[in-house]
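Data block for start09.cif (mmCIF, C-alpha atoms):
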```cif
data_entry
#
loop_
_atom_site.label_atom_id
_atom_site.label_comp_id
_atom_site.auth_asym_id
_atom_site.auth_seq_id
_atom_site.Cartn_x
_atom_site.Cartn_y
_atom_site.Cartn_z
CA MET A 158 42.91 12.11 -9.18
CA ASN A 159 39.32 11.21 -10.06
CA PHE A 160 38.15 12.92 -6.86
CA TRP A 161 39.03 16.32 -8.28
CA LYS A 162 37.23 15.53 -11.53
CA TYR A 163 34.04 14.76 -9.62
CA LEU A 164 34.54 17.91 -7.56
CA ARG A 165 34.86 19.99 -10.74
CA ILE A 166 31.62 18.50 -12.11
CA LEU A 167 29.88 19.32 -8.83
CA ALA A 168 31.25 22.87 -8.77
CA VAL A 169 30.22 23.53 -12.37
CA GLY A 170 26.74 22.14 -11.68
CA ILE A 171 26.23 24.28 -8.57
CA ILE A 172 27.51 27.49 -10.16
CA LEU A 173 25.65 26.97 -13.44
CA GLY A 174 22.43 25.94 -11.68
CA PHE A 175 22.55 28.96 -9.35
CA LEU A 176 23.32 31.39 -12.20
CA LEU A 177 20.55 30.04 -14.44
CA LEU A 178 17.97 30.39 -11.69
CA SER A 179 19.19 33.89 -10.88
CA VAL A 180 18.89 34.88 -14.55
CA VAL A 181 15.32 33.61 -14.97
CA TYR A 182 14.32 35.47 -11.80
CA MET A 183 15.44 38.66 -13.56
CA LEU A 184 12.84 38.13 -16.29
CA PRO A 185 9.69 40.29 -16.13
CA VAL A 186 6.94 38.55 -14.18
CA ALA A 187 3.99 40.49 -15.66
CA PRO A 188 3.66 38.40 -18.87
CA MET A 189 4.06 35.20 -16.84
CA LYS A 190 1.21 36.25 -14.55
CA ALA A 191 -0.98 37.20 -17.52
CA ASN A 192 -0.43 33.88 -19.33
CA THR A 193 -0.87 31.84 -16.16
CA SER A 194 -4.06 33.70 -15.28
CA ARG A 195 -5.48 33.13 -18.77
CA ASP A 196 -5.31 29.34 -18.50
CA LEU A 197 -5.81 28.97 -14.76
CA GLU A 198 -9.44 27.92 -15.20
CA ILE A 199 -8.18 24.65 -16.75
CA ILE A 200 -6.51 23.59 -13.51
CA GLU A 201 -9.38 25.04 -11.48
CA LYS A 202 -11.93 23.00 -13.44
CA GLU A 203 -9.87 19.79 -13.31
CA GLY A 204 -9.22 20.02 -9.58
CA ALA A 205 -6.14 19.10 -7.56
CA TYR A 206 -5.82 15.40 -8.48
CA PRO A 207 -7.95 14.61 -11.55
CA ASN A 208 -7.91 11.28 -13.39
CA LEU A 209 -7.84 11.53 -17.17
CA ILE A 210 -9.58 8.14 -17.13
CA GLU A 211 -11.94 7.73 -14.21
CA GLY A 212 -10.66 5.22 -11.66
CA VAL A 213 -7.32 4.60 -13.43
CA LYS A 214 -4.59 5.81 -11.09
CA SER A 215 -1.85 5.81 -13.74
CA THR A 216 -3.76 8.66 -15.44
CA GLN A 217 -3.97 10.81 -12.31
CA LEU A 218 -2.50 14.30 -12.63
CA ASP A 219 -0.94 16.32 -9.83
CA ASN A 220 -2.39 19.79 -10.36
CA PHE A 221 -1.76 20.53 -6.68
CA THR A 222 2.01 20.43 -7.17
CA ASP A 223 1.76 22.12 -10.57
CA THR A 224 -0.03 24.99 -8.83
CA VAL A 225 2.84 25.28 -6.36
CA MET A 226 5.30 25.32 -9.27
CA LEU A 227 3.28 28.06 -10.97
CA SER A 228 3.15 30.01 -7.69
CA LEU A 229 6.94 29.98 -7.51
CA ALA A 230 7.21 30.93 -11.19
CA VAL A 231 5.01 34.06 -10.88
CA TYR A 232 6.26 35.23 -7.47
CA ASP A 233 7.06 38.95 -7.63
CA GLY A 234 8.62 39.77 -4.26
CA ASP A 235 11.20 42.52 -3.80
CA GLU A 236 14.14 40.24 -2.93
CA PRO A 237 17.22 40.27 -5.18
CA ALA A 238 17.17 37.67 -7.95
CA TYR A 239 19.90 35.59 -6.32
CA VAL A 240 17.90 35.38 -3.08
CA LYS A 241 14.78 34.31 -4.98
CA ALA A 242 16.88 31.68 -6.76
CA VAL A 243 17.74 30.13 -3.40
CA SER A 244 14.64 30.76 -1.30
CA GLY A 245 11.86 29.22 -3.41
CA ASN A 246 9.52 31.90 -2.11
CA HIS A 247 5.81 32.01 -2.96
CA TYR A 248 2.64 33.38 -1.45
CA ASP A 249 0.71 30.95 0.73
CA ASP A 250 -1.96 31.91 3.23
CA LYS A 251 -2.15 28.30 4.49
CA ASN A 252 -5.85 28.86 5.13
CA VAL A 253 -6.97 28.71 1.50
CA ALA A 254 -6.57 25.89 -1.06
CA ASP A 255 -3.67 26.57 -3.38
CA ILE A 256 -5.65 26.84 -6.63
CA PRO A 257 -8.10 29.49 -5.36
CA GLU A 258 -5.25 31.31 -3.64
CA LEU A 259 -3.21 31.51 -6.84
CA LYS A 260 -6.32 32.74 -8.64
CA GLU A 261 -6.80 35.53 -6.08
CA TYR A 262 -3.17 36.57 -6.42
CA LEU A 263 -3.20 36.63 -10.23
CA ARG A 264 -6.58 38.30 -10.74
CA ASP A 265 -7.07 40.39 -7.60
CA ASP A 266 -3.41 40.93 -6.61
CA LYS A 267 -4.16 39.46 -3.18
CA ARG A 268 -0.98 38.27 -1.53
CA GLY A 269 -0.74 35.78 1.29
CA GLU A 270 2.18 35.11 3.60
CA VAL A 271 5.60 34.71 1.94
CA VAL A 272 6.58 31.06 2.41
CA SER A 273 9.95 29.51 1.56
CA TYR A 274 10.12 26.15 -0.23
CA ALA A 275 13.88 26.13 -0.21
CA TRP A 276 15.04 22.56 0.25
CA TYR A 277 14.55 21.81 -3.46
CA TRP A 278 16.56 23.52 -6.19
CA HIS A 279 13.42 24.12 -8.33
CA GLY A 280 15.56 23.96 -11.45
CA TYR A 281 12.43 23.37 -13.52
CA LEU A 282 11.88 27.15 -13.26
CA VAL A 283 14.74 27.60 -15.74
CA ILE A 284 12.37 26.07 -18.31
CA ILE A 285 8.93 27.07 -17.02
CA LYS A 286 9.50 30.78 -16.40
CA PRO A 287 10.65 31.56 -19.99
CA LEU A 288 7.80 29.42 -21.35
CA LEU A 289 5.25 31.32 -19.25
CA MET A 290 6.39 34.53 -20.90
CA LEU A 291 5.13 33.10 -24.20
CA THR A 292 2.23 30.83 -23.30
CA GLY A 293 0.08 29.43 -20.49
CA VAL A 294 -0.67 26.00 -19.08
CA LYS A 295 -2.32 24.78 -22.29
CA GLY A 296 0.68 25.84 -24.35
CA ILE A 297 3.15 24.17 -22.00
CA ARG A 298 1.17 20.95 -22.18
CA ARG A 299 1.16 21.04 -25.99
CA ILE A 300 4.89 21.76 -26.15
CA SER A 301 5.55 18.94 -23.69
CA MET A 302 3.56 16.48 -25.81
CA VAL A 303 5.57 17.34 -28.93
CA VAL A 304 8.95 17.23 -27.16
CA SER A 305 8.08 13.97 -25.38
CA ALA A 306 7.02 12.23 -28.59
CA ALA A 307 10.04 13.59 -30.47
CA LEU A 308 12.47 12.26 -27.85
CA ILE A 309 10.90 8.79 -27.96
CA LEU A 310 11.18 8.69 -31.75
CA ILE A 311 14.76 10.02 -31.72
CA ILE A 312 15.88 7.44 -29.15
CA VAL A 313 14.29 4.58 -31.10
CA ALA A 314 15.89 5.88 -34.31
CA MET A 315 19.32 6.14 -32.66
CA LEU A 316 19.06 2.60 -31.27
CA VAL A 317 18.30 1.32 -34.75
CA LYS A 318 21.12 3.36 -36.23
CA LYS A 319 23.59 2.06 -33.61
CA ARG A 320 22.49 -1.52 -34.41
CA GLN A 321 20.95 -2.00 -30.96
CA ILE A 322 17.43 -2.53 -32.21
CA GLY A 323 16.79 -5.23 -29.59
CA PHE A 324 16.82 -2.60 -26.83
CA VAL A 325 13.87 -0.85 -28.46
CA VAL A 326 11.52 -3.44 -26.91
CA PRO A 327 12.58 -3.02 -23.23
CA TYR A 328 12.84 0.73 -23.74
CA LEU A 329 9.25 0.91 -25.01
CA MET A 330 8.17 -1.33 -22.14
CA ALA A 331 9.55 1.29 -19.74
CA VAL A 332 7.91 4.10 -21.71
CA THR A 333 4.55 2.31 -21.49
CA VAL A 334 4.78 2.00 -17.70
CA ILE A 335 5.63 5.71 -17.39
CA ASN A 336 2.69 6.51 -19.72
CA PRO A 337 3.88 9.34 -22.00
CA MET A 338 0.30 10.34 -22.79
CA VAL A 339 -0.15 11.46 -19.17
CA VAL A 340 3.29 12.86 -18.32
CA PRO A 341 3.01 16.02 -20.51
CA MET A 342 -0.25 16.94 -18.76
CA SER A 343 1.52 17.53 -15.41
CA MET A 344 4.60 19.72 -15.31
CA GLN A 345 6.04 17.99 -12.28
CA TYR A 346 5.87 14.58 -13.99
CA GLY A 347 8.14 15.86 -16.74
CA THR A 348 11.20 16.65 -14.63
CA ALA A 349 12.44 13.07 -14.14
CA TRP A 350 11.04 11.95 -17.52
CA TYR A 351 12.97 14.48 -19.62
CA THR A 352 16.14 14.12 -17.54
CA MET A 353 16.05 10.36 -18.13
CA GLN A 354 15.32 10.70 -21.84
CA LEU A 355 18.16 13.15 -22.44
CA PHE A 356 20.63 11.15 -20.36
CA LEU A 357 19.74 7.93 -22.16
CA LEU A 358 20.12 9.66 -25.52
CA PHE A 359 23.52 10.96 -24.41
CA LEU A 360 24.69 7.45 -23.50
CA ILE A 361 23.48 6.06 -26.84
CA LEU A 362 25.28 8.75 -28.83
CA ALA A 363 28.45 8.93 -26.72
CA GLU A 364 29.12 5.15 -26.63
CA ILE A 365 31.18 5.50 -23.45
CA ASP A 366 33.37 2.48 -22.69
CA ASP A 367 35.61 3.89 -19.98
CA PRO A 368 34.33 2.96 -16.47
CA VAL A 369 35.51 6.24 -14.96
CA LYS A 370 33.72 8.32 -17.59
CA LEU A 371 30.58 6.23 -17.11
CA SER A 372 30.65 6.87 -13.37
CA MET A 373 31.12 10.58 -13.96
CA ALA A 374 28.19 10.60 -16.38
CA PHE A 375 25.92 8.97 -13.78
CA PHE A 376 27.25 11.37 -11.13
CA ALA A 377 26.19 14.29 -13.33
CA ALA A 378 22.82 12.65 -14.02
CA GLY A 379 22.17 12.37 -10.28
CA MET A 380 22.98 16.06 -9.91
CA ALA A 381 20.69 16.95 -12.81
CA VAL A 382 17.62 15.13 -11.54
CA GLU A 383 18.10 16.58 -8.04
CA TYR A 384 18.27 20.04 -9.65
CA PHE A 385 15.13 19.71 -11.78
CA ASP A 386 12.95 17.23 -9.88
CA LEU A 387 10.59 17.48 -6.90
CA LEU A 388 11.12 13.86 -5.79
CA THR A 389 8.72 12.29 -8.28
CA TYR A 390 10.27 9.11 -9.70
CA PRO A 391 13.98 10.02 -10.07
CA LEU A 392 15.12 6.38 -9.95
CA VAL A 393 14.29 6.06 -13.66
CA VAL A 394 17.14 8.46 -14.39
CA TYR A 395 19.49 5.81 -13.04
CA GLY A 396 17.69 2.54 -13.75
CA ILE A 397 16.79 2.81 -17.44
CA PRO A 398 20.17 4.24 -18.56
CA ALA A 399 21.91 1.66 -16.32
CA THR A 400 19.97 -1.10 -18.08
CA TYR A 401 21.12 0.29 -21.42
CA MET A 402 24.68 0.44 -20.08
CA VAL A 403 24.61 -3.26 -19.19
CA TYR A 404 23.00 -4.09 -22.52
CA SER A 405 25.78 -2.20 -24.29
CA ILE A 406 28.81 -3.50 -22.44
CA ASP A 407 27.99 -7.07 -21.39
CA ARG A 408 29.49 -8.51 -24.56
CA LYS A 409 32.67 -6.48 -24.25
CA THR A 410 33.50 -7.07 -20.59
CA GLY A 411 33.39 -9.94 -18.13
CA PHE A 412 30.48 -10.84 -15.86
CA VAL A 413 32.20 -9.44 -12.75
CA SER A 414 32.99 -6.18 -14.55
CA VAL A 415 29.35 -5.69 -15.45
CA ILE A 416 28.25 -6.18 -11.83
CA LYS A 417 30.95 -3.75 -10.74
CA GLU A 418 29.72 -1.12 -13.20
CA ILE A 419 26.19 -1.39 -11.83
CA PHE A 420 27.37 -0.67 -8.31
CA THR A 421 29.93 2.02 -9.16
CA THR A 422 27.51 3.95 -11.36
CA GLY A 423 24.78 3.53 -8.75
CA ILE A 424 27.02 4.92 -6.01
CA SER A 425 28.06 7.77 -8.31
CA PHE A 426 24.41 8.58 -9.08
CA ILE A 427 23.49 8.65 -5.38
CA ALA A 428 26.57 10.75 -4.60
CA GLY A 429 25.68 13.29 -7.29
CA TYR A 430 22.10 13.46 -6.06
CA GLY A 431 23.08 13.78 -2.40
CA LEU A 432 25.84 16.34 -2.91
CA MET A 433 23.60 18.50 -5.09
CA LEU A 434 20.97 18.43 -2.34
CA ALA A 435 23.58 19.27 0.30
CA SER A 436 24.88 22.17 -1.81
CA LYS A 437 21.37 23.65 -1.95
CA LEU A 438 21.10 23.51 1.82
CA ILE A 439 24.46 25.28 2.11
CA LEU A 440 23.19 28.04 -0.19
CA VAL A 441 20.09 28.31 1.98
CA LEU A 442 22.28 28.79 5.05
CA ALA A 443 24.21 31.51 3.22
CA PHE A 444 21.32 33.52 1.75
CA VAL A 445 18.05 32.55 3.47
CA ASN A 446 16.73 31.86 6.96
CA PRO A 447 18.80 28.99 8.48
CA GLY A 448 15.57 27.65 9.99
CA VAL A 449 14.66 26.36 6.54
CA VAL A 450 17.44 23.77 6.88
CA GLU A 451 15.71 22.37 9.96
CA ASP A 452 12.49 22.15 7.94
CA ALA A 453 14.38 20.33 5.20
CA LYS A 454 15.85 17.86 7.71
CA ASN A 455 12.38 17.14 9.11
CA HIS A 456 11.03 16.71 5.57
CA ILE A 457 13.80 14.24 4.67
CA PHE A 458 13.26 12.18 7.83
CA LEU A 459 9.51 12.15 7.19
CA ARG A 460 10.01 10.78 3.67
CA LEU A 461 12.29 8.07 5.08
CA SER A 462 9.79 7.13 7.78
CA GLY A 463 7.04 4.55 7.83
CA GLU A 464 4.38 7.12 8.67
CA GLY A 465 1.34 7.38 6.41
CA MET A 466 -1.15 10.23 6.09
CA ASP A 467 -3.11 9.28 9.20
CA THR A 468 -1.35 6.26 10.67
CA ASP A 469 1.83 4.22 10.56
CA ILE A 470 2.22 1.88 7.61
CA ARG A 471 4.19 -1.26 6.94
CA ARG A 472 6.94 -0.64 4.43
CA ILE A 473 5.68 -3.56 2.37
CA ASP A 474 2.43 -1.60 1.99
CA ALA A 475 4.30 1.04 0.01
CA VAL A 476 5.46 -1.68 -2.39
CA THR A 477 2.05 -3.27 -2.87
CA ARG A 478 0.32 0.09 -3.29
CA ASN A 479 2.63 1.02 -6.15
CA LEU A 480 2.21 -2.38 -7.80
CA GLU A 481 -1.56 -2.04 -7.63
CA VAL A 482 -1.45 0.91 -10.04
CA LEU A 483 -0.44 -1.54 -12.78
CA ASN A 484 -3.37 -3.83 -11.94
CA THR A 485 -5.49 -2.58 -14.85
CA GLU A 486 -6.68 -3.95 -18.18
CA PHE A 487 -4.43 -1.53 -20.09
CA TYR A 488 -1.25 -2.83 -18.44
CA TYR A 489 -2.34 -6.45 -18.82
CA ILE A 490 -2.68 -5.87 -22.56
CA ALA A 491 0.61 -3.97 -22.66
CA ALA A 492 2.32 -6.80 -20.76
CA ALA A 493 0.95 -9.38 -23.20
CA VAL A 494 2.23 -7.37 -26.16
CA ALA A 495 5.62 -6.93 -24.47
CA VAL A 496 5.94 -10.65 -23.74
CA ALA A 497 5.05 -11.48 -27.34
CA ALA A 498 7.62 -8.99 -28.62
CA ILE A 499 10.31 -10.31 -26.29
CA ILE A 500 9.62 -13.90 -27.32
CA ALA A 501 9.72 -12.96 -31.01
CA VAL A 502 13.05 -11.14 -30.67
CA ALA A 503 14.50 -13.94 -28.51
CA MET A 504 13.53 -16.58 -31.10
CA LEU A 505 15.14 -14.52 -33.85
CA LEU A 506 18.31 -14.20 -31.80
CA ARG A 507 18.37 -17.92 -31.06
CA LYS A 508 17.92 -18.74 -34.74
CA LYS A 509 20.60 -16.24 -35.68
CA LYS A 510 23.19 -17.07 -33.01
CA GLY A 511 22.38 -20.67 -32.11
CA LYS A 512 21.96 -22.44 -28.78
CA LYS A 513 25.53 -21.70 -27.76
CA ALA A 514 24.60 -18.03 -27.39
CA ILE A 515 22.04 -18.80 -24.66
CA THR A 516 23.52 -17.85 -21.27
CA PRO A 517 20.96 -17.78 -18.42
CA LEU A 518 23.40 -16.09 -16.01
CA LYS A 519 23.24 -12.97 -18.19
CA ILE A 520 19.99 -12.04 -16.47
CA ILE A 521 21.63 -11.57 -13.04
CA PRO A 522 22.94 -8.02 -13.63
CA TYR A 523 19.56 -7.01 -15.00
CA MET A 524 17.80 -8.53 -11.99
CA ILE A 525 19.90 -6.35 -9.69
CA ILE A 526 18.64 -3.27 -11.53
CA ALA A 527 15.09 -4.62 -11.69
CA LEU A 528 14.93 -4.86 -7.89
CA THR A 529 16.03 -1.26 -7.23
CA PRO A 530 12.47 0.19 -7.29
CA PHE A 531 11.45 -2.17 -4.49
CA ALA A 532 14.43 -1.03 -2.42
CA TRP A 533 13.38 2.56 -3.19
CA TYR A 534 9.84 1.93 -1.91
CA PHE A 535 11.16 0.34 1.28
CA VAL A 536 13.55 3.21 2.03
CA LEU A 537 11.18 6.03 1.03
CA ALA A 538 8.07 4.32 2.39
CA ASN A 539 6.26 7.49 3.44
CA HIS A 540 6.64 9.24 0.09
CA SER A 541 6.02 6.09 -1.94
CA HIS A 542 2.85 5.23 -0.02
CA ILE A 543 1.29 8.71 -0.16
CA HIS A 544 2.31 9.55 -3.74
CA TYR A 545 1.98 6.08 -5.23
CA PHE A 546 -0.01 7.45 -8.19
CA PHE A 547 3.23 8.82 -9.62
CA THR A 548 5.99 6.96 -7.73
CA TYR A 549 4.74 3.74 -9.36
CA ARG A 550 6.59 4.97 -12.47
CA ASN A 551 9.83 3.80 -10.86
CA LEU A 552 8.60 0.33 -11.85
CA ALA A 553 9.49 1.29 -15.43
CA VAL A 554 13.02 0.36 -14.36
CA THR A 555 11.85 -3.16 -13.49
CA ALA A 556 10.02 -3.54 -16.81
CA CYS A 557 13.01 -2.32 -18.81
CA ALA A 558 15.56 -4.44 -16.93
CA LEU A 559 13.51 -7.64 -17.11
CA GLY A 560 12.88 -7.21 -20.83
CA ALA A 561 16.54 -6.51 -21.55
CA GLY A 562 17.59 -9.38 -19.29
CA VAL A 563 15.55 -11.94 -21.22
CA LEU A 564 17.04 -10.68 -24.47
CA GLY A 565 20.50 -10.74 -22.91
CA ILE A 566 20.08 -14.45 -22.20
CA PHE A 567 19.68 -15.02 -25.95
CA GLY A 568 22.73 -12.97 -26.89
CA ALA A 569 21.30 -9.51 -27.51
CA GLY A 570 23.72 -6.69 -26.82
CA TYR A 571 26.31 -4.43 -28.22
CA LYS A 572 26.03 -3.69 -31.96
CA GLU A 573 23.76 -6.54 -32.92
CA ARG A 574 24.40 -7.83 -36.39
#
```
Output the file's structure as C-alpha cells, nothing else.
Amino acid sequence: MNFWKYLRILAVGIILGFLLLSVVYMLPVAPMKANTSRDLEIIEKEGAYPNLIEGVKSTQLDNFTDTVMLSLAVYDGDEPAYVKAVSGNHYDDKNVADIPELKEYLRDDKRGEVVSYAWYWHGYLVIIKPLLMLTGVKGIRRISMVVSAALILIIVAMLVKKRQIGFVVPYLMAVTVINPMVVPMSMQYGTAWYTMQLFLLFLILAEIDDPVKLSMAFFAAGMAVEYFDLLTYPLVVYGIPATYMVYSIDRKTGFVSVIKEIFTTGISFIAGYGLMLASKLILVLAFVNPGVVEDAKNHIFLRLSGEGMDTDIRRIDAVTRNLEVLNTEFYYIAAAVAVAAIIAVAMLLRKKKGKKAITPLKIIPYMIIALTPFAWYFVLANHSHIHYFFTYRNLAVTACALGAGVLGIFGAGYKER
C-alpha cells in the first residue's frame, strides 16, 4: 500500500535528520567560535535588520535570526550530542540584545541562561556547523553567492537541454522576486531557497510521470523544508516545482488530471511538512523538557492568529503588506521585462503552432497555484504581517505560475520542439 511507502519516507527522514544533527554536534566547537568571533563585527556593524539599499524592503537582511542561528551553532553545553540535536539550546540572557550577547559569549566567555528553541528541527546546522569550522560569516556569504548562482545556471541549462526552454522565463521571474543577490547575505533566507532549487532540479532531471511518485516527491520536499527552514517562505518549495510539474505534464494528461495532481501533491507536501514537525515535537517529549511542546503549541497558534506586534490586524492587511514590498521601481522594470519576454515567447509559439494551439482554459491550473500565497498570508496572518520583508518572497510562486500560465495558453509545455 502507498501508506507504507509514505511511512518509510517519513521514518528515513526522521532517523537521517536526527543522526545528522547528532553527528554535527559532535564536531569541535572551538574553531566554530573562533571563526564566528572573527567576523562578528560585520553583523554588529550592520545591525539587526539592515537594508542593503536604503528604504527598499526586498533588500532587508535578518541578522537578528542569523545571530540566533549562530548562537545555536556555537553552543558548547555539556549535554550529550543527541540531546543537543533535539533541544536547540543556546545562551540567552533575555536582558541583552542578541548580537552583543553573542559577542560577550564568544570573546569574554560570558554565558547567559540556557534557553531551548526546540520546536524547529534546525536542520540548517548540518550545513552551517561544518562551514563554521572552516570560515566565518563572510566566507559563508561568499560560498552562498557562488552556490546560488551555480544552481540558477544549472537549472536554466537543464531546462534548455530538456527542450523546455519556455519555462526559463517564468522561472527567472520567480528568481527575480526572491532576489538572489540578497538571499546569500542572510543564512536564514537560504533554507527555503536552496531546498526549492534542489527539488526543482530533481524534478527536471527525474522526469517523473507517475502520479504516486510525484506525490511522494512532494511529500519528501515538505519534510525537507520543515527540517531546514525557520518558517521563512517555504511555500516556494511547493509552488514553483508544482508550476513546473503542470508545465511538464499538461500536454500528456487531461485537464482534470492536471487539477488532481495539483491538489494531491499539495496535500502530500502539507502532510510531509506537518508530520515532520510533529515528529520533532515527539522527540522533544522524549529527550527534552515536555514544557517546550506547550511553548511550541502557543507559537503555532500565535502564527495562525490575527494578532500584530502591538494590536490586532485584519488578515487582508497581511496580504497588502507583502504586496507593498514589490511596489518599487526595480520590480516595475523587472515586470516590464518579464511581460515583454512572455509576449515574445507567446508570439513565437503562436507562429510555430498556429491558432489552434491557443487554449485559454490552460491557465486555470496555473491560477490555482498562483493564488496559494494569498491563502498562505490569510492563514498565517501574524507571521506574514510581522515578517513581510521576507515572507513576500512567497509571491515568487504567483509570478512563476502566471508567467507559465500565459505560455501554457499558447501551447508551451512538455518537450517543446
> Evaluating the PyMOL selection byres ((chain A and resi 330) around 8) on the displayed file yields which residues, as a VMD selection string?
Replying inline: chain A and resid 326 to 329 331 to 334 495 553 556 to 557 560
Write the selection just made, keeping C-alpha atoms, as a short mmCIF file (atom, residue, chain, number, x, y, z; two decimals), keeping the file's coordinate frame?
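This is the output file part.cif:
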```cif
data_model
loop_
_atom_site.label_atom_id
_atom_site.label_comp_id
_atom_site.auth_asym_id
_atom_site.auth_seq_id
_atom_site.Cartn_x
_atom_site.Cartn_y
_atom_site.Cartn_z
CA VAL A 326 11.52 -3.44 -26.91
CA PRO A 327 12.58 -3.02 -23.23
CA TYR A 328 12.84 0.73 -23.74
CA LEU A 329 9.25 0.91 -25.01
CA ALA A 331 9.55 1.29 -19.74
CA VAL A 332 7.91 4.10 -21.71
CA THR A 333 4.55 2.31 -21.49
CA VAL A 334 4.78 2.00 -17.70
CA ALA A 495 5.62 -6.93 -24.47
CA ALA A 553 9.49 1.29 -15.43
CA ALA A 556 10.02 -3.54 -16.81
CA CYS A 557 13.01 -2.32 -18.81
CA GLY A 560 12.88 -7.21 -20.83
#
```
>> Here's the selection I'm unsure about, the PyMOL selection byres ((chain A and resi 206-210) around 12); applied to the file above, which residues does it give, as a PyMOL selection string?
In response: chain A and resi 199-205+211-224+256+336+338-340+342-343+485+487+544+546-547
>> For this structure, which residues satisfy the selection - the PyMOL selection byres ((chain A and resi 360) around 9) - when it is evaluated on the file as given? I want them as a PyMOL selection string.
In response: chain A and resi 355-359+361-365+371+374+398+401-402
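One distance worth recording is that between CA of Met373 in chain A and CA of Gly429 in chain A, which is 9.0 Å.
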>> My list of candidates is A:Leu434, A:Val563, A:Val502, A:Val554. Which is closest to Ile171 in chain A when distances are computed with all atoms listed in the file?
In response: A:Leu434
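You will find CA of Gly379 in chain A at 12.1 Å from CA of Tyr163 in chain A.
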> Can you list, as a VMD selection string, every protein, DNA or RNA residue that comes within 12 Å of Val369 in chain A when you count all atoms listed in the file, leaving out same-chain residues fewer than 3 positions away?
Replying inline: chain A and resid 158 to 160 162 to 163 365 to 366 372 to 376 417 to 418 421 to 422 425
> Of the candidates A:Gly280, A:Ala492, A:Arg165, A:Val303, which shows the shortest atom-to-atom distance to Leu177 in chain A, using all atoms listed in the file?
Replying inline: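 Checking each of A:Gly280, A:Ala492, A:Arg165, A:Val303 against Leu177 in chain A, counting all atoms listed in the file, the winner is A:Gly280.
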>> I want to know what sits within 10 Å of Ala443 in chain A, based on all atoms listed in the file, with residues of the same chain fewer than 4 positions away left out; could you give that as a list in words?
In response: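 Here the qualifying residues turn out to be Val240, Val243, Lys437, Leu438, Ile439 and Pro447 of chain A.
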> What is the CA of Arg268 in chain A-CA of Leu176 in chain A distance in Å, reported with one decimal?
Replying inline: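 Calculated distance between CA of Arg268 in chain A and CA of Leu176 in chain A is 27.4 Å.
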> Which one is closest to His540 in chain A: A:Leu282, A:Leu483, A:Ile490, A:Ala475? Count all atoms listed in the file.
Replying inline: A:Ala475
>> Considering only C-alpha atoms, can you say which of A:Glu383, A:Phe412, A:Ile500, A:Leu184 comes closest to Ala435 in chain A?
In response: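 Answer, going by the shortest atom-to-atom distance: A:Glu383.
The shortest atom-to-atom distance to Tyr346 in chain A, with all atoms listed in the file taken into account, belongs to A:Tyr549 out of A:Tyr549, A:Tyr523, A:Phe535, A:Trp276.
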Residues within 12 Å of Asp474 in chain A, please, as an mmCIF file with C-alpha atoms, keeping the file's coordinate frame. Count only C-alpha atoms; anything in the same chain fewer than 2 positions from it doesn't count.
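Full text of part09.cif as output:
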```
data_model
loop_
_atom_site.group_PDB
_atom_site.id
_atom_site.type_symbol
_atom_site.label_atom_id
_atom_site.label_comp_id
_atom_site.auth_asym_id
_atom_site.auth_seq_id
_atom_site.Cartn_x
_atom_site.Cartn_y
_atom_site.Cartn_z
ATOM 1 C CA GLY A 463 7.040 4.550 7.830
ATOM 2 C CA GLU A 464 4.380 7.120 8.670
ATOM 3 C CA GLY A 465 1.340 7.380 6.410
ATOM 4 C CA ASP A 469 1.830 4.220 10.560
ATOM 5 C CA ILE A 470 2.220 1.880 7.610
ATOM 6 C CA ARG A 471 4.190 -1.260 6.940
ATOM 7 C CA ARG A 472 6.940 -0.640 4.430
ATOM 8 C CA VAL A 476 5.460 -1.680 -2.390
ATOM 9 C CA THR A 477 2.050 -3.270 -2.870
ATOM 10 C CA ARG A 478 0.320 0.090 -3.290
ATOM 11 C CA ASN A 479 2.630 1.020 -6.150
ATOM 12 C CA LEU A 480 2.210 -2.380 -7.800
ATOM 13 C CA GLU A 481 -1.560 -2.040 -7.630
ATOM 14 C CA PHE A 531 11.450 -2.170 -4.490
ATOM 15 C CA TYR A 534 9.840 1.930 -1.910
ATOM 16 C CA PHE A 535 11.160 0.340 1.280
ATOM 17 C CA LEU A 537 11.180 6.030 1.030
ATOM 18 C CA ALA A 538 8.070 4.320 2.390
ATOM 19 C CA ASN A 539 6.260 7.490 3.440
ATOM 20 C CA HIS A 540 6.640 9.240 0.090
ATOM 21 C CA SER A 541 6.020 6.090 -1.940
ATOM 22 C CA HIS A 542 2.850 5.230 -0.020
ATOM 23 C CA ILE A 543 1.290 8.710 -0.160
ATOM 24 C CA TYR A 545 1.980 6.080 -5.230
#
```
>> Applying 12 Å and all atoms listed in the file, which residues near Val272 in chain A remain after dropping the ones on its own chain fewer than 6 positions away? List them as a list of chain:residue names.
In response: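 Contacts, in chain order: A:Val225, A:Ser228, A:Leu229, A:Tyr232, A:Gly234, A:Lys241, A:Ser244, A:Gly245, A:Asn246, A:His247, A:Tyr248, A:Asp249, A:Asp250, A:Lys251, A:Val445, A:Asn446, A:Val449.
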